[in-house]
Number of protein chains: 2
Amino acid sequence: MSTLNVMYSDEMLKQQLNDQGLRFTPQRLKILKIFQSLPRGTHWSAEELHEELLAQAERISLSTVYRTLHIMTRMGILRELELAEEHKHYELNRSPSGQHHHLICVHCNRILEFAEAGVDKIGGKQADAMGYHVLDCQLNLYGVCPDCQNQRH
Amino acid sequence: MSTLNVMYSDEMLKQQLNDQGLRFTPQRLKILKIFQSLPRGTHWSAEELHEELLAQAERISLSTVYRTLHIMTRMGILRELELAEEHKHYELNRSPSGQHHHLICVHCNRILEFAEAGVDKIGGKQADAMGYHVLDCQLNLYGVCPDCQNQRH
DNA sequence: CTTCCAAACGAGAATTTGTTTCATTAAGTC
DNA sequence: GACTTAATGAAACAAATTCTCGTTTGGAAG
Ligand SMILES: [Mn+2]
Ligand SMILES: [Mn+2]
Ligand SMILES: [Zn+2]
Ligand SMILES: [Zn+2]
């Protein structure tokens with residue numbers, strides 16, 4: 001958790017997997033590479049990741065996509081986001097230094113990111129007070145973006 | 001939004017519905033009554049609400065349950081929560097005075113509530129800066145509760 | 001380098017959650 | 001009380017995710 005996950009090398013992934021009794025497979029490496037190649041602010045669903053794999057002529061099943069997303073989330077490599085659509089989104093976990101939060105337009109689903117160190121501090125304090133060990137801290141702001149405010153009828 | 005929704009009376013619900021061209025039905029009233037009767041900290045899925053209705057011998061279809069949850073969320077009577085399960089949860093909206101956030105155990109799904117005025121302040125500031133009109137501000141802390149930390153193997 | 005075994009894989013069935021359709025009912029208006 | 005249209009219930013449908021199971025393969029051990 002203290003290293004920047006963007007720098008994950010093949011060897012580091014293999015190490016971290018094997019340490020947990022898990023295996024380093026071409027599928028897992030490929031999926032990590034894809035996330036590392038995405039621009040910041042990209043939040044992909046399992047389906048979107050699968051489509052990209054197909055586009056790159058990688059034959060990785062949807063089952064494996066879902067399995068890998070779960071494992072990498074548990075490992076702290078990815079972050080699973082519950083934004084306001086009917087499916088989950090994933091992004092590279094940039095914590096702690098690059099941690100950020102999300103502003104979601106409930107009309108057009110546009111998502112903006114923003115950094116705010118104060119939130120994580122508040123979250124950490126609250127969790128401590130209740131004896132919880134914090135894994136992730138997500139502030140979601142649901143609202144209406146400027147564009148959607150204008151095209152109101 | 002300035003009134004405490006817990007006090008919603010039959011007449012207030014009818015008023016607010018009719019003002020929007022919607023109708024005051026026995027089903028909608030019943031669902032509001034149920035949420036008002038629940039203890040704080042109860043977060044119900046559509047399915048759980050439907051089961052309670054059946055238990056009370058109310059014959060309200062699941063379609064109506066979903067429709068009502070959406071409408072009441074849009075009206076600001078209920079709050080829709082994206083906690084880390086595979087379905088949405090609903091609770092009475094107590095904003096702004098009684099607003100609160102959630103601490104979720106990723107092992108046992110236990111949920112604790114906590115109030116923290118600072119979060120909403122930070123959220124409001126960020127949203128303003130980006131021109132968004134905020135509807136809801138939700139801080140979710142994912143972690144491991146004390147019990148689950150102990151029963152670690 | 002070969003053997004072995006559990007972990008991981010792919011394919012597809014199954015499940016869960018939520019939405020849509022449509023004929024019927026009933027709320028609100030005059 | 002009659003009219004209009006929103007709301008309802010039942011059931012079909014759809015999307016997202018999980019499960020099952022036979023096959024493949026990573027990696028440890030010899
Ligand atoms: Mn993000
Ligand atoms: Mn709550
Ligand atoms: Zn928008
Ligand atoms: Zn727990």
# chains A, B, ... in the order shown; residues from 1 in each chain; ligands from 1

call {"tool": "select_by_dssp", "arguments": {"residues": "region 2-135 of chain A", "states": "alpha helix (DSSP H)", "output": "PDB file with C-alpha atoms, in the first residue's frame"}}
result
ATOM      1  CA  ASP A  10       5.834  -7.948 -13.892  1.00  0.00           C
ATOM      2  CA  GLU A  11       8.116  -9.204 -11.143  1.00  0.00           C
ATOM      3  CA  MET A  12       6.336  -7.278  -8.426  1.00  0.00           C
ATOM      4  CA  LEU A  13       2.995  -8.688  -9.505  1.00  0.00           C
ATOM      5  CA  LYS A  14       4.383 -12.223  -9.563  1.00  0.00           C
ATOM      6  CA  GLN A  15       5.951 -11.749  -6.155  1.00  0.00           C
ATOM      7  CA  GLN A  16       2.812 -10.415  -4.563  1.00  0.00           C
ATOM      8  CA  LEU A  17       0.663 -13.143  -6.100  1.00  0.00           C
ATOM      9  CA  ASN A  18       2.967 -16.006  -5.145  1.00  0.00           C
ATOM     10  CA  ASP A  19       3.327 -14.690  -1.615  1.00  0.00           C
ATOM     11  CA  PRO A  26      -0.558 -14.174 -18.577  1.00  0.00           C
ATOM     12  CA  GLN A  27      -4.183 -13.147 -18.149  1.00  0.00           C
ATOM     13  CA  ARG A  28      -3.518 -11.356 -14.869  1.00  0.00           C
ATOM     14  CA  LEU A  29      -0.461  -9.612 -16.227  1.00  0.00           C
ATOM     15  CA  LYS A  30      -2.306  -8.451 -19.320  1.00  0.00           C
ATOM     16  CA  ILE A  31      -5.149  -6.997 -17.299  1.00  0.00           C
ATOM     17  CA  LEU A  32      -2.753  -5.098 -15.056  1.00  0.00           C
ATOM     18  CA  LYS A  33      -0.928  -3.732 -18.120  1.00  0.00           C
ATOM     19  CA  ILE A  34      -4.166  -2.461 -19.565  1.00  0.00           C
ATOM     20  CA  PHE A  35      -5.115  -0.584 -16.422  1.00  0.00           C
ATOM     21  CA  GLN A  36      -1.629   0.894 -16.277  1.00  0.00           C
ATOM     22  CA  SER A  37      -1.980   2.134 -19.841  1.00  0.00           C
ATOM     23  CA  ALA A  46     -15.811  -5.589 -16.278  1.00  0.00           C
ATOM     24  CA  GLU A  47     -17.583  -5.498 -19.618  1.00  0.00           C
ATOM     25  CA  GLU A  48     -15.564  -2.550 -20.893  1.00  0.00           C
ATOM     26  CA  LEU A  49     -12.322  -4.225 -19.895  1.00  0.00           C
ATOM     27  CA  HIS A  50     -13.413  -7.395 -21.655  1.00  0.00           C
ATOM     28  CA  GLU A  51     -14.176  -5.488 -24.836  1.00  0.00           C
ATOM     29  CA  GLU A  52     -10.749  -3.883 -24.789  1.00  0.00           C
ATOM     30  CA  LEU A  53      -9.172  -7.319 -24.397  1.00  0.00           C
ATOM     31  CA  LEU A  54     -11.110  -8.551 -27.416  1.00  0.00           C
ATOM     32  CA  ALA A  55     -10.050  -5.465 -29.361  1.00  0.00           C
ATOM     33  CA  LEU A  62     -15.420 -12.864 -18.917  1.00  0.00           C
ATOM     34  CA  SER A  63     -15.172 -15.256 -15.958  1.00  0.00           C
ATOM     35  CA  THR A  64     -11.470 -14.575 -15.734  1.00  0.00           C
ATOM     36  CA  VAL A  65     -12.038 -10.857 -16.031  1.00  0.00           C
ATOM     37  CA  TYR A  66     -14.358 -10.893 -13.045  1.00  0.00           C
ATOM     38  CA  ARG A  67     -12.058 -13.163 -11.050  1.00  0.00           C
ATOM     39  CA  THR A  68      -9.051 -10.948 -11.746  1.00  0.00           C
ATOM     40  CA  LEU A  69     -10.866  -7.744 -10.851  1.00  0.00           C
ATOM     41  CA  HIS A  70     -11.821  -9.218  -7.493  1.00  0.00           C
ATOM     42  CA  ILE A  71      -8.359 -10.513  -6.726  1.00  0.00           C
ATOM     43  CA  MET A  72      -6.629  -7.286  -7.667  1.00  0.00           C
ATOM     44  CA  THR A  73      -9.094  -5.309  -5.602  1.00  0.00           C
ATOM     45  CA  ARG A  74      -8.397  -7.530  -2.601  1.00  0.00           C
ATOM     46  CA  MET A  75      -4.657  -7.091  -3.218  1.00  0.00           C
ATOM     47  CA  ALA A 117      -6.701  15.103   1.880  1.00  0.00           C
ATOM     48  CA  GLY A 118      -9.058  16.237   4.604  1.00  0.00           C
ATOM     49  CA  VAL A 119     -11.586  13.550   3.791  1.00  0.00           C
ATOM     50  CA  ASP A 120      -9.199  10.675   4.323  1.00  0.00           C
ATOM     51  CA  LYS A 121      -8.074  12.225   7.580  1.00  0.00           C
ATOM     52  CA  ILE A 122     -11.645  12.491   8.841  1.00  0.00           C
ATOM     53  CA  GLY A 123     -12.370   8.976   7.666  1.00  0.00           C
ATOM     54  CA  GLY A 124      -9.309   7.556   9.377  1.00  0.00           C
ATOM     55  CA  LYS A 125     -10.215   9.248  12.635  1.00  0.00           C
ATOM     56  CA  GLN A 126     -13.777   7.923  12.602  1.00  0.00           C
ATOM     57  CA  ALA A 127     -12.700   4.401  11.736  1.00  0.00           C
ATOM     58  CA  ASP A 128     -10.101   4.413  14.495  1.00  0.00           C
ATOM     59  CA  ALA A 129     -12.708   5.516  16.993  1.00  0.00           C
TER      60      ALA A 129
END

call {"tool": "select_by_dssp", "arguments": {"residues": "region 68-101 of chain B", "states": "strand (DSSP E or B)", "output": "compact mmCIF listing (two decimals) with N, CA and C atoms, in the first residue's frame"}}
result
# COMPACT_ATOMS: atom_id res chain seq x y z
N LEU B 78 -36.37 9.61 0.53
CA LEU B 78 -35.47 8.50 0.84
C LEU B 78 -34.07 8.82 0.33
N ARG B 79 -33.11 8.09 0.86
CA ARG B 79 -31.74 8.20 0.38
C ARG B 79 -31.33 6.83 -0.15
N GLU B 80 -30.79 6.83 -1.35
CA GLU B 80 -30.35 5.59 -1.99
C GLU B 80 -28.86 5.42 -1.72
N LEU B 81 -28.48 4.30 -1.15
CA LEU B 81 -27.09 4.07 -0.79
C LEU B 81 -26.45 2.99 -1.64
N HIS B 89 -29.45 0.06 -1.27
CA HIS B 89 -30.12 0.12 0.02
C HIS B 89 -30.80 1.48 0.16
N TYR B 90 -31.89 1.49 0.94
CA TYR B 90 -32.62 2.75 1.13
C TYR B 90 -32.84 3.02 2.61
N GLU B 91 -32.88 4.29 2.94
CA GLU B 91 -33.18 4.72 4.30
C GLU B 91 -33.90 6.05 4.21
N LEU B 92 -34.58 6.45 5.28
CA LEU B 92 -35.20 7.77 5.31
C LEU B 92 -34.10 8.82 5.20
N HIS B 101 -22.84 9.28 7.57
CA HIS B 101 -22.07 8.48 6.60
C HIS B 101 -21.93 7.05 7.11

call {"tool": "atom_distance", "arguments": {"atom1": "CA of Thr25 (chain B)", "atom2": "CA of Ile77 (chain B)"}}
result
15.7 Å

call {"tool": "interface_residues", "arguments": {"of": "chain B", "to": "chain A", "cutoff": "9 Å", "atoms": "only C-alpha atoms", "output": "number ranges by chain"}}
result
B: 82-84, 86-87, 103-106, 112, 114, 116, 118-119, 122-124, 126-127, 130-146, 149

call {"tool": "write_last_selection", "arguments": {"atoms": "N, CA and C atoms", "output": "short mmCIF file (atom, residue, chain, number, x, y, z; two decimals), in the first residue's frame"}}
result
data_model
loop_
_atom_site.label_atom_id
_atom_site.label_comp_id
_atom_site.auth_asym_id
_atom_site.auth_seq_id
_atom_site.Cartn_x
_atom_site.Cartn_y
_atom_site.Cartn_z
N GLU B 82 -25.24 3.29 -2.09
CA GLU B 82 -24.46 2.31 -2.85
C GLU B 82 -23.43 1.71 -1.91
N LEU B 83 -23.87 0.86 -1.02
CA LEU B 83 -22.92 0.20 -0.14
C LEU B 83 -22.35 -0.98 -0.92
N ALA B 84 -21.37 -1.67 -0.33
CA ALA B 84 -20.65 -2.65 -1.15
C ALA B 84 -21.32 -4.01 -1.24
N GLU B 86 -24.38 -6.21 -3.74
CA GLU B 86 -24.77 -6.23 -5.14
C GLU B 86 -26.13 -5.59 -5.38
N HIS B 87 -26.66 -4.93 -4.36
CA HIS B 87 -27.94 -4.24 -4.55
C HIS B 87 -27.95 -2.93 -3.77
N LEU B 103 -19.71 3.23 7.57
CA LEU B 103 -18.49 2.47 7.76
C LEU B 103 -18.88 1.01 7.55
N ILE B 104 -18.30 0.40 6.51
CA ILE B 104 -18.76 -0.92 6.08
C ILE B 104 -17.68 -1.97 6.27
N CYS B 105 -18.02 -3.07 6.94
CA CYS B 105 -17.06 -4.17 7.07
C CYS B 105 -17.15 -5.04 5.82
N VAL B 106 -16.03 -5.18 5.13
CA VAL B 106 -16.04 -5.94 3.88
C VAL B 106 -16.10 -7.44 4.13
N LEU B 112 -21.89 0.61 10.20
CA LEU B 112 -22.01 1.59 11.28
C LEU B 112 -22.24 2.95 10.66
N PHE B 114 -22.01 7.18 11.14
CA PHE B 114 -21.37 8.22 11.93
C PHE B 114 -21.69 9.57 11.31
N GLU B 116 -20.64 13.56 10.68
CA GLU B 116 -19.39 14.30 10.50
C GLU B 116 -19.67 15.49 9.60
N GLY B 118 -18.01 18.02 8.85
CA GLY B 118 -16.92 18.47 8.00
C GLY B 118 -16.97 17.91 6.60
N VAL B 119 -17.42 16.68 6.48
CA VAL B 119 -17.45 16.04 5.17
C VAL B 119 -18.37 16.78 4.21
N ILE B 122 -16.81 20.02 3.09
CA ILE B 122 -15.78 19.80 2.06
C ILE B 122 -16.44 19.46 0.73
N GLY B 123 -17.42 18.57 0.77
CA GLY B 123 -18.11 18.17 -0.45
C GLY B 123 -18.76 19.35 -1.13
N GLY B 124 -19.46 20.17 -0.35
CA GLY B 124 -20.13 21.33 -0.91
C GLY B 124 -19.15 22.28 -1.58
N GLN B 126 -16.16 21.57 -2.89
CA GLN B 126 -15.65 20.98 -4.13
C GLN B 126 -16.67 21.07 -5.25
N ALA B 127 -17.92 20.73 -4.93
CA ALA B 127 -18.96 20.75 -5.94
C ALA B 127 -19.16 22.17 -6.47
N MET B 130 -16.70 23.24 -9.02
CA MET B 130 -16.85 22.64 -10.35
C MET B 130 -18.22 22.94 -10.96
N GLY B 131 -19.01 23.74 -10.28
CA GLY B 131 -20.30 24.15 -10.82
C GLY B 131 -21.40 23.11 -10.72
N TYR B 132 -21.18 22.10 -9.90
CA TYR B 132 -22.21 21.07 -9.73
C TYR B 132 -23.20 21.49 -8.65
N HIS B 133 -24.45 21.09 -8.84
CA HIS B 133 -25.46 21.27 -7.81
C HIS B 133 -25.58 19.97 -7.04
N VAL B 134 -25.16 19.96 -5.78
CA VAL B 134 -25.10 18.72 -4.99
C VAL B 134 -26.48 18.26 -4.53
N LEU B 135 -26.76 16.99 -4.70
CA LEU B 135 -28.00 16.40 -4.21
C LEU B 135 -27.74 15.53 -2.98
N ASP B 136 -26.63 14.82 -2.99
CA ASP B 136 -26.31 13.97 -1.85
C ASP B 136 -24.80 13.80 -1.75
N CYS B 137 -24.35 13.65 -0.53
CA CYS B 137 -22.92 13.55 -0.24
C CYS B 137 -22.72 12.33 0.63
N GLN B 138 -22.03 11.32 0.10
CA GLN B 138 -21.90 10.05 0.82
C GLN B 138 -20.44 9.64 0.97
N LEU B 139 -20.02 9.56 2.23
CA LEU B 139 -18.67 9.06 2.49
C LEU B 139 -18.77 7.60 2.93
N ASN B 140 -18.16 6.72 2.16
CA ASN B 140 -18.16 5.30 2.50
C ASN B 140 -16.76 4.87 2.91
N LEU B 141 -16.67 4.31 4.11
CA LEU B 141 -15.39 3.78 4.57
C LEU B 141 -15.48 2.27 4.55
N TYR B 142 -14.63 1.64 3.74
CA TYR B 142 -14.60 0.19 3.67
C TYR B 142 -13.45 -0.31 4.52
N GLY B 143 -13.72 -1.30 5.33
CA GLY B 143 -12.67 -1.79 6.21
C GLY B 143 -13.04 -3.12 6.85
N VAL B 144 -12.36 -3.43 7.93
CA VAL B 144 -12.61 -4.67 8.65
C VAL B 144 -12.99 -4.31 10.09
N CYS B 145 -14.14 -4.81 10.53
CA CYS B 145 -14.62 -4.48 11.87
C CYS B 145 -13.80 -5.23 12.93
N PRO B 146 -13.88 -4.78 14.18
CA PRO B 146 -13.09 -5.40 15.25
C PRO B 146 -13.30 -6.92 15.34
N GLN B 149 -11.55 -8.70 12.61
CA GLN B 149 -10.09 -8.64 12.75
C GLN B 149 -9.61 -9.76 13.67
#

call {"tool": "interface_residues", "arguments": {"of": "chain D", "to": "chain A", "cutoff": "12 Å", "atoms": "only C-alpha atoms (C1' of nucleotides)", "output": "ChimeraX atom specification"}}
result
/D:15-20,25-28

call {"tool": "interface_residues", "arguments": {"of": "chain C", "to": "chain B", "cutoff": "8 Å", "atoms": "only C-alpha atoms (C1' of nucleotides)", "output": "number ranges by chain"}}
result
C: 17, 27-28

call {"tool": "residues_around", "arguments": {"residues": "DT25 (chain C)", "least_positions_apart": "4", "cutoff": "10 Å", "atoms": "only C-alpha atoms (C1' of nucleotides)", "output": "ChimeraX atom specification"}}
result
/D:7-9

call {"tool": "atom_distance", "arguments": {"atom1": "C1' of DG10 (chain C)", "atom2": "CA of Glu58 (chain A)"}}
result
12.9 Å

call {"tool": "atom_distance", "arguments": {"atom1": "CA of Trp44 (chain A)", "atom2": "atom 1 (Mn, counted along the ligand's line) of ligand 1"}}
result
9.9 Å
